[in-house]
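Text of the file model23.csv, holding CSV, C-alpha atoms:
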chain,number,residue,atom,x,y,z
A,25,MET,CA,16.3,-18.8,32.7
A,26,ASN,CA,15.8,-16.5,29.8
A,27,GLU,CA,15.8,-12.9,31.0
A,28,SER,CA,14.4,-11.3,27.9
A,29,LEU,CA,11.8,-8.6,28.5
A,30,VAL,CA,10.1,-10.5,31.2
A,31,VAL,CA,7.2,-9.3,33.5
A,32,ASN,CA,7.5,-9.4,37.2
A,33,ASP,CA,6.2,-12.9,37.6
A,34,SER,CA,7.4,-16.5,37.8
A,35,SER,CA,5.7,-19.8,37.3
A,36,ALA,CA,5.8,-22.8,39.5
A,37,ALA,CA,7.2,-24.9,36.7
A,38,GLY,CA,10.2,-22.6,36.4
A,39,GLU,CA,9.1,-21.4,32.9
A,40,PRO,CA,9.9,-17.8,32.2
A,41,VAL,CA,7.0,-15.4,31.9
A,42,PRO,CA,8.0,-13.1,29.1
A,43,TRP,CA,8.5,-9.5,28.9
A,44,MET,CA,8.9,-8.2,32.4
A,45,GLU,CA,10.0,-10.4,35.3
A,46,ALA,CA,11.4,-9.2,38.6
A,47,GLU,CA,13.3,-11.6,40.7
A,48,SER,CA,11.8,-10.3,44.0
A,49,PHE,CA,8.2,-10.9,43.0
A,50,ASN,CA,5.8,-11.3,45.9
A,51,GLN,CA,4.5,-14.9,45.7
A,52,HIS,CA,1.5,-14.1,47.9
A,53,ASN,CA,0.1,-11.5,45.5
A,54,SER,CA,-3.5,-12.6,45.0
A,55,SER,CA,-3.7,-10.9,41.6
A,56,LEU,CA,-1.5,-13.6,40.1
A,57,GLU,CA,-2.5,-16.7,42.1
A,58,LEU,CA,-3.4,-18.5,38.9
A,59,SER,CA,0.0,-18.0,37.4
A,60,THR,CA,1.5,-20.0,40.3
A,61,ALA,CA,-1.0,-22.8,40.2
A,62,PRO,CA,0.0,-26.3,39.2
A,63,LEU,CA,-2.4,-26.3,36.3
A,64,GLU,CA,-1.0,-23.2,34.8
A,65,PHE,CA,-0.7,-23.0,31.0
A,66,PRO,CA,2.9,-23.7,29.9
A,67,VAL,CA,2.8,-20.5,27.9
A,68,ASN,CA,1.6,-17.2,29.4
A,69,PRO,CA,-1.6,-16.1,27.7
A,70,TRP,CA,-0.5,-12.5,27.8
A,71,ASP,CA,2.6,-13.4,25.8
A,72,ILE,CA,0.4,-15.2,23.3
A,73,MET,CA,-1.6,-12.0,22.8
A,74,LEU,CA,1.6,-10.0,22.4
A,75,CYS,CA,2.8,-12.4,19.8
A,76,MET,CA,-0.5,-12.3,18.0
A,77,SER,CA,-0.4,-8.5,18.1
A,78,GLY,CA,3.1,-8.6,16.7
A,79,THR,CA,2.0,-10.9,13.8
A,80,VAL,CA,-0.8,-8.6,12.8
A,81,ILE,CA,1.4,-5.5,13.1
A,82,ALA,CA,4.1,-7.1,10.9
A,83,CYS,CA,1.7,-8.2,8.2
A,84,GLU,CA,-0.1,-4.9,8.0
A,85,ASN,CA,3.0,-2.8,7.8
A,86,ALA,CA,4.9,-5.2,5.5
A,87,ILE,CA,2.2,-4.5,2.8
A,88,VAL,CA,2.6,-0.7,3.3
A,89,VAL,CA,6.4,-0.9,3.0
A,90,ALA,CA,6.2,-3.1,-0.1
A,91,ILE,CA,3.7,-0.8,-1.8
A,92,ILE,CA,5.8,2.3,-1.1
A,93,PHE,CA,9.0,0.6,-2.2
A,94,TYR,CA,7.7,-0.8,-5.4
A,95,THR,CA,5.6,2.2,-6.5
A,96,PRO,CA,7.6,5.0,-8.2
A,97,THR,CA,4.8,7.5,-7.8
A,98,LEU,CA,5.0,7.2,-4.0
A,99,ARG,CA,8.6,8.2,-3.7
A,100,THR,CA,7.9,11.6,-2.3
A,101,PRO,CA,8.9,13.2,1.1
A,102,MET,CA,5.4,12.6,2.4
A,103,PHE,CA,5.6,8.8,1.7
A,104,ALA,CA,9.2,8.6,2.8
A,105,LEU,CA,7.9,9.5,6.3
A,106,ILE,CA,5.0,7.1,6.1
A,107,GLY,CA,7.4,4.5,4.9
A,108,SER,CA,9.6,5.2,7.9
A,109,LEU,CA,6.7,4.8,10.3
A,110,ALA,CA,5.6,1.5,8.6
A,111,THR,CA,9.2,0.2,8.7
A,112,ALA,CA,9.5,1.0,12.4
A,113,ASP,CA,6.1,-0.7,13.2
A,114,LEU,CA,7.1,-3.7,11.0
A,115,LEU,CA,10.3,-4.1,13.0
A,116,ALA,CA,8.3,-3.7,16.3
A,117,GLY,CA,6.0,-6.5,15.2
A,118,MET,CA,8.9,-8.7,14.3
A,119,GLY,CA,10.5,-7.9,17.6
A,120,LEU,CA,7.4,-9.1,19.5
A,121,ILE,CA,7.3,-12.3,17.6
A,122,LEU,CA,11.0,-12.9,18.1
A,123,ASN,CA,10.8,-12.1,21.8
A,124,PHE,CA,8.0,-14.7,22.2
A,125,VAL,CA,10.1,-17.4,20.3
A,126,PHE,CA,13.3,-16.7,22.3
A,127,GLN,CA,11.5,-16.7,25.6
A,128,TYR,CA,10.3,-20.3,25.2
A,129,VAL,CA,13.1,-21.7,23.0
A,130,ILE,CA,16.4,-20.1,23.8
A,131,SER,CA,17.7,-19.1,27.3
A,132,SER,CA,20.4,-16.4,26.9
A,133,GLU,CA,21.1,-13.1,28.5
A,134,THR,CA,22.8,-11.8,25.4
A,135,ILE,CA,19.7,-12.5,23.3
A,136,SER,CA,17.6,-11.0,26.0
A,137,LEU,CA,19.5,-7.7,25.8
A,138,ILE,CA,19.4,-7.7,22.0
A,139,THR,CA,15.7,-8.3,22.0
A,140,VAL,CA,15.1,-5.6,24.5
A,141,GLY,CA,17.2,-3.1,22.5
A,142,PHE,CA,15.5,-4.1,19.3
A,143,LEU,CA,12.0,-3.5,20.7
A,144,VAL,CA,13.0,-0.2,22.4
A,145,ALA,CA,14.6,1.1,19.1
A,146,SER,CA,11.6,0.0,17.0
A,147,PHE,CA,8.9,1.5,19.2
A,148,THR,CA,11.0,4.7,19.6
A,149,ALA,CA,11.4,5.0,15.9
A,150,SER,CA,7.6,4.5,15.5
A,151,ILE,CA,6.8,7.3,17.9
A,152,SER,CA,9.5,9.6,16.5
A,153,SER,CA,8.2,8.9,13.0
A,154,LEU,CA,4.7,10.0,14.1
A,155,LEU,CA,6.3,13.3,15.3
A,156,ALA,CA,8.1,13.7,12.0
A,157,ILE,CA,4.9,13.2,10.1
A,158,THR,CA,3.2,15.8,12.4
A,159,VAL,CA,6.1,18.3,11.7
A,160,ASP,CA,5.8,17.6,8.0
A,161,ARG,CA,2.0,18.3,8.0
A,162,TYR,CA,2.5,21.5,9.9
A,163,PHE,CA,5.1,22.9,7.4
A,164,SER,CA,3.1,21.7,4.4
A,165,LEU,CA,0.3,24.0,5.6
A,166,TYR,CA,2.3,26.8,7.1
A,167,ASN,CA,4.7,27.0,4.1
A,168,ALA,CA,2.4,25.7,1.4
A,169,LEU,CA,4.0,27.7,-1.4
A,170,THR,CA,7.5,26.5,-0.8
A,171,TYR,CA,6.6,22.9,0.4
A,172,PHE,CA,7.4,21.3,-2.9
A,173,SER,CA,11.1,22.3,-3.1
A,174,ASP,CA,14.5,20.8,-2.6
A,175,LYS,CA,14.6,22.2,0.9
A,176,THR,CA,11.6,20.1,1.9
A,177,LEU,CA,13.4,17.0,0.8
A,178,GLN,CA,16.5,18.0,2.8
A,179,TYR,CA,14.6,18.6,6.1
A,180,VAL,CA,12.7,15.3,5.6
A,181,HIS,CA,16.0,13.4,5.2
A,182,LEU,CA,17.3,15.2,8.3
A,183,MET,CA,14.3,14.2,10.3
A,184,LEU,CA,14.7,10.6,9.2
A,185,ILE,CA,18.4,10.6,10.2
A,186,VAL,CA,17.6,12.1,13.6
A,187,THR,CA,14.7,9.8,14.1
A,188,TRP,CA,16.6,6.6,13.4
A,189,GLY,CA,19.8,7.8,15.0
A,190,VAL,CA,18.2,8.6,18.3
A,191,SER,CA,16.1,5.4,18.2
A,192,LEU,CA,19.2,3.3,17.6
A,193,LEU,CA,21.1,5.0,20.4
A,194,LEU,CA,18.3,4.3,22.9
A,195,GLY,CA,18.0,0.8,21.7
A,196,LEU,CA,21.8,0.2,22.3
A,197,LEU,CA,21.8,1.5,25.8
A,198,PRO,CA,20.6,-1.8,27.4
A,199,VAL,CA,23.0,-3.7,25.3
A,200,LEU,CA,25.9,-1.4,26.2
A,201,GLY,CA,25.4,-1.9,30.0
A,202,TRP,CA,22.4,0.2,31.1
A,203,ASN,CA,20.5,-2.8,32.4
A,204,CYS,CA,19.7,-4.5,35.7
A,205,LEU,CA,20.9,-8.0,35.1
A,206,HIS,CA,23.7,-7.7,37.7
A,207,GLU,CA,21.7,-5.4,40.0
A,208,PRO,CA,18.1,-6.7,40.4
A,209,ALA,CA,17.2,-3.9,42.9
A,210,SER,CA,17.5,-1.4,40.1
A,211,CYS,CA,15.0,-3.2,37.8
A,212,SER,CA,11.9,-1.5,36.5
A,213,ILE,CA,8.5,-3.0,35.6
A,214,VAL,CA,10.2,-4.0,32.3
A,215,ARG,CA,13.2,-6.2,32.9
A,216,PRO,CA,16.1,-6.0,32.2
A,217,LEU,CA,15.6,-2.2,31.8
A,218,THR,CA,16.5,-0.1,34.8
A,219,ARG,CA,14.0,2.2,36.4
A,220,SER,CA,16.1,5.3,35.3
A,221,ASN,CA,16.1,3.9,31.7
A,222,VAL,CA,12.3,3.4,31.7
A,223,MET,CA,11.8,6.9,33.2
A,224,LEU,CA,13.9,8.4,30.4
A,225,LEU,CA,11.8,6.7,27.8
A,226,ALA,CA,8.5,7.7,29.4
A,227,THR,CA,9.6,11.3,29.8
A,228,SER,CA,10.7,11.4,26.2
A,229,PHE,CA,7.2,10.1,25.2
A,230,PHE,CA,5.5,12.8,27.2
A,231,ALA,CA,7.7,15.5,25.5
A,232,ILE,CA,6.8,14.1,22.1
A,233,PHE,CA,3.1,13.9,22.9
A,234,VAL,CA,3.0,17.5,24.1
A,235,LEU,CA,4.9,18.7,21.0
A,236,MET,CA,2.5,16.7,18.7
A,237,LEU,CA,-0.5,18.2,20.6
A,238,THR,CA,0.8,21.7,20.1
A,239,LEU,CA,1.5,21.2,16.4
A,240,TYR,CA,-1.9,19.6,15.7
A,241,PHE,CA,-3.6,22.5,17.6
A,242,LYS,CA,-1.8,24.9,15.3
A,243,ILE,CA,-2.7,22.7,12.3
A,244,CYS,CA,-6.3,22.8,13.3
A,245,LYS,CA,-6.2,26.6,13.5
A,246,ILE,CA,-4.7,26.8,10.0
A,247,VAL,CA,-7.3,24.4,8.6
A,248,CYS,CA,-10.1,26.3,10.1
A,249,ARG,CA,-8.8,29.6,8.7
A,250,HIS,CA,-8.3,28.1,5.2
A,251,ALA,CA,-11.8,26.6,5.3
A,252,HIS,CA,-13.3,30.0,6.4
A,253,GLN,CA,-11.5,31.8,3.5
A,254,ILE,CA,-12.6,29.3,0.9
A,255,ALA,CA,-16.2,29.4,2.2
A,256,LEU,CA,-16.3,33.2,2.0
A,257,GLN,CA,-15.0,33.1,-1.6
A,258,GLN,CA,-17.6,30.6,-2.6
A,259,HIS,CA,-20.4,32.3,-0.7
A,260,PHE,CA,-21.3,29.0,1.1
A,261,PHE,CA,-20.0,29.9,4.5
A,262,ALA,CA,-22.6,28.1,6.6
A,263,THR,CA,-22.2,24.7,4.8
A,264,SER,CA,-18.7,24.4,3.4
A,265,HIS,CA,-17.0,25.9,6.4
A,266,TYR,CA,-18.8,23.7,8.8
A,267,VAL,CA,-18.1,20.5,6.8
A,268,ALA,CA,-14.4,21.2,6.2
A,269,THR,CA,-13.8,22.2,9.8
A,270,LYS,CA,-15.6,19.2,11.2
A,271,LYS,CA,-13.7,16.9,9.0
A,272,GLY,CA,-10.3,18.4,9.9
A,273,VAL,CA,-11.0,18.5,13.6
A,274,SER,CA,-12.4,14.9,13.7
A,275,THR,CA,-9.4,13.6,11.9
A,276,LEU,CA,-7.0,15.3,14.3
A,277,ALA,CA,-9.0,14.0,17.2
A,278,ILE,CA,-8.7,10.4,15.8
A,279,ILE,CA,-5.0,10.8,15.4
A,280,LEU,CA,-4.2,12.2,18.8
A,281,GLY,CA,-6.9,10.2,20.6
A,282,THR,CA,-5.5,6.9,19.2
A,283,PHE,CA,-1.9,7.8,20.0
A,284,GLY,CA,-2.7,9.0,23.5
A,285,ALA,CA,-5.1,6.1,24.4
A,286,SER,CA,-2.5,3.6,23.2
A,287,TRP,CA,0.6,4.9,24.9
A,288,LEU,CA,-0.4,7.1,27.8
A,289,PRO,CA,-1.4,4.2,30.2
A,290,PHE,CA,1.9,2.4,29.7
A,291,ALA,CA,4.0,5.6,29.9
A,292,ILE,CA,2.3,6.7,33.1
A,293,TYR,CA,2.7,3.2,34.6
A,294,CYS,CA,6.4,3.3,33.7
A,295,LEU,CA,6.7,6.4,36.0
A,296,VAL,CA,4.7,5.2,38.9
A,297,GLY,CA,5.0,1.4,38.8
A,298,GLU,CA,7.4,-0.6,40.9
A,299,ARG,CA,9.0,-3.9,40.0
A,300,GLU,CA,7.1,-5.6,42.9
A,301,TYR,CA,3.7,-4.7,41.5
A,302,PRO,CA,1.7,-7.5,39.9
A,303,SER,CA,2.8,-8.2,36.3
A,304,VAL,CA,-0.8,-8.1,35.1
A,305,TYR,CA,-0.7,-4.3,35.4
A,306,THR,CA,2.3,-4.2,33.1
A,307,TYR,CA,0.7,-6.5,30.6
A,308,ALA,CA,-2.6,-4.6,30.7
A,309,THR,CA,-0.9,-1.3,29.9
A,310,LEU,CA,1.7,-2.7,27.5
A,311,LEU,CA,-0.7,-4.6,25.2
A,312,PRO,CA,-2.8,-1.5,24.2
A,313,ALA,CA,0.5,0.3,23.4
A,314,THR,CA,1.3,-2.3,20.8
A,315,TYR,CA,-2.1,-1.6,19.2
A,316,ASN,CA,-0.9,1.8,18.1
A,317,SER,CA,1.5,0.1,15.7
A,318,MET,CA,-1.5,-1.9,14.5
A,319,ILE,CA,-3.7,1.2,13.9
A,320,ASN,CA,-1.0,3.4,12.4
A,321,PRO,CA,-1.1,1.9,8.9
A,322,ILE,CA,-4.9,2.3,8.8
A,323,ILE,CA,-4.7,6.0,9.7
A,324,TYR,CA,-1.6,7.1,7.8
A,325,ALA,CA,-1.5,4.6,4.9
A,326,TYR,CA,-4.6,2.7,4.0
A,327,ARG,CA,-6.7,5.9,4.2
A,328,ASN,CA,-4.5,7.5,1.6
A,329,THR,CA,-6.1,7.5,-1.8
A,330,GLU,CA,-2.8,6.9,-3.6
A,331,ILE,CA,-1.9,3.9,-1.6
A,332,GLN,CA,-5.4,2.6,-2.0
A,333,ARG,CA,-5.0,3.1,-5.8
A,334,SER,CA,-1.6,1.3,-5.8
A,335,ILE,CA,-3.1,-1.7,-3.8
A,336,TYR,CA,-6.0,-1.9,-6.2
A,337,MET,CA,-3.7,-1.9,-9.2
A,338,LEU,CA,-1.5,-4.5,-7.7
A,339,LEU,CA,-4.3,-6.8,-6.8
A,340,CYS,CA,-5.8,-6.4,-10.3
A,341,GLY,CA,-2.6,-7.4,-11.9
A,342,CYS,CA,-2.3,-4.1,-13.7
A,343,PHE,CA,0.6,-2.6,-11.7
A,344,GLN,CA,2.4,-0.1,-13.8
A,345,ALA,CA,6.1,0.6,-13.4
A,346,ASN,CA,5.7,4.2,-14.5
A,347,GLY,CA,2.4,5.7,-13.3
A,348,SER,CA,1.2,9.0,-14.6
A,349,TYR,CA,-0.4,10.1,-11.3
A,350,ARG,CA,1.8,11.7,-8.7
A,351,SER,CA,0.9,13.3,-5.4
A,352,ARG,CA,1.1,17.0,-5.2
A,353,SER,CA,-0.2,17.3,-1.6
A,354,PRO,CA,1.0,16.2,1.8
A,355,SER,CA,-0.6,13.5,3.7
A,356,GLU,CA,-4.2,14.2,4.7
A,357,VAL,CA,-4.7,16.2,7.9
Whole structure, structure tokens version:
Amino acid sequence: MNESLVVNDSSAAGEPVPWMEAESFNQHNSSLELSTAPLEFPVNPWDIMLCMSGTVIACENAIVVAIIFYTPTLRTPMFALIGSLATADLLAGMGLILNFVFQYVISSETISLITVGFLVASFTASISSLLAITVDRYFSLYNALTYFSDKTLQYVHLMLIVTWGVSLLLGLLPVLGWNCLHEPASCSIVRPLTRSNVMLLATSFFAIFVLMLTLYFKICKIVCRHAHQIALQQHFFATSHYVATKKGVSTLAIILGTFGASWLPFAIYCLVGEREYPSVYTYATLLPATYNSMINPIIYAYRNTEIQRSIYMLLCGCFQANGSYRSRSPSEV
């Protein structure tokens, strides 16, 4: 049986139910009676939805990566971080597709561990890239006068190295032995990850979320202060200050709200869930988490006017190798 990322469930036909299976599943659980019925679908519908989600994620982010790579005017620190996010989400989408294929085509513990590590590394890089973008936005406002300097490029490169280095390390842990293939009692809701491994990942997520929340709160204060100063100078305090502040706060709410709504349910369930719990709970919290990688390109890339311009030029067949327009501002708050 293929062990790759499988939910705590098993079918009567002996087919693996991908992404989180526990060997000691309670066969009398009424929540999953349909999954053990003789007329069950040969492929788990939840896995089909995960594969479809991965396909959309891969397509969306592949466009962003291609646009940033082939557009010289987008080779700035800001777009390097957006490109890192798009690359991580692209790999996550590909990982979901490969996991689906390997589950129903190839049965191998080695491939199982590689797939698990690939997905862990990709999603970790995605979340870490979001933190890097948040840090970049904060410094672009806090140190606006020195933002466009060589030092900015250096700390962006440093953040990218740390982001992908840590993500690769966490992805290698299951492959290097931190798994429950030989000790089923230590399995978590996501097999073959151990409970301690999943708790480490969930705790890391909460630390990143709190840090992002703190930074965006400070960004919001800076934006409000700047809007207030500009409004006073232009003598249109009542209107311009309100409009600018409302736009900044609403954008921050969308960013944090989307991130939290996508990942918080799964992160919380990783801490409180047990491997004996119905697999439907794991799927129901995991699927929304993948939607974050689907929404990221819309928030961080497709809303950007320069990327919109590059896509328009490319679609119109007038893509220029040397554009005259270059960004002089960080990504929109």
Margin query: To one decimal place in Å, what is the distance between CA of Asn203 in chain A and CA of Val186 in chain A?
Written below: 24.2 Å
Next item on the list: Identify, on the basis of only C-alpha atoms, every residue whose closest approach to range 316-333 of chain A does not exceed 6 Å; exclude the query and any residue fewer than 6 positions from it along the same chain; express the result as JSON, numbers by chain.
Entry: {"A": [81, 113, 286]}
Next item on the list: Mind giving me the straight-line distance from CA of Ser146 in chain A to CA of Leu115 in chain A in Å, one decimal?
Entry: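 Rounded to one decimal, the two atoms are 5.9 Å apart.
Shortest separation to Ser150 in chain A among A:Lys175, A:Tyr128, A:Val190, A:Ala168 occurs at residue A:Val190, atoms counted being only C-alpha atoms.
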Next item on the list: Please indicate the distance in Å from CA of Phe126 in chain A to CA of Ser228 in chain A, rounded to one decimal place.
Entry: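 Computed distance, CA of Phe126 in chain A to CA of Ser228 in chain A, equals 28.5 Å.
Nearest to Ala112 in chain A of all the residues A:Val144, A:Leu339, A:Val304, A:Ile292 is A:Val144, counting only C-alpha atoms.
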Check: Smallest atom-to-atom distance to Met118 in chain A: which of A:Asp160, A:Thr314, A:Glu298, A:Pro198, using only C-alpha atoms?
Finding: A:Thr314
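Among the candidate residues A:Met337, A:Ala145, A:Leu165, A:Leu184, the one lying nearest to Cys244 in chain A is A:Leu165, with distances computed using all atoms listed in the file.
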Notebook entry, point to check: Between A:Ala285, A:Leu197, A:Leu137, A:Leu177, which one has atoms that come closest to Phe103 in chain A, using all atoms listed in the file?
Noted result: A:Leu177
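In terms of minimum interatomic distance to Thr139 in chain A, A:Pro216 ranks closest within A:Cys204, A:Trp188, A:Pro216, A:Val67, counting all atoms listed in the file.
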Note to self: Using all atoms listed in the file, which protein or nucleic acid residues come within 7 Å of Ala86 in chain A? Drop anything in the same chain fewer than 4 positions from it, and give the result as a list in words.
What the structure shows: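 The residues satisfying every condition are Ala82, Ala90 and Leu114 of chain A.
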Notebook entry, point to check: What lies within 10 Å of Leu122 in chain A using all atoms listed in the file, ignoring chain neighbours under 3 positions off, as a PyMOL selection string?
Noted result: chain A and resi 75+78+116-119+125-127+139+142-143
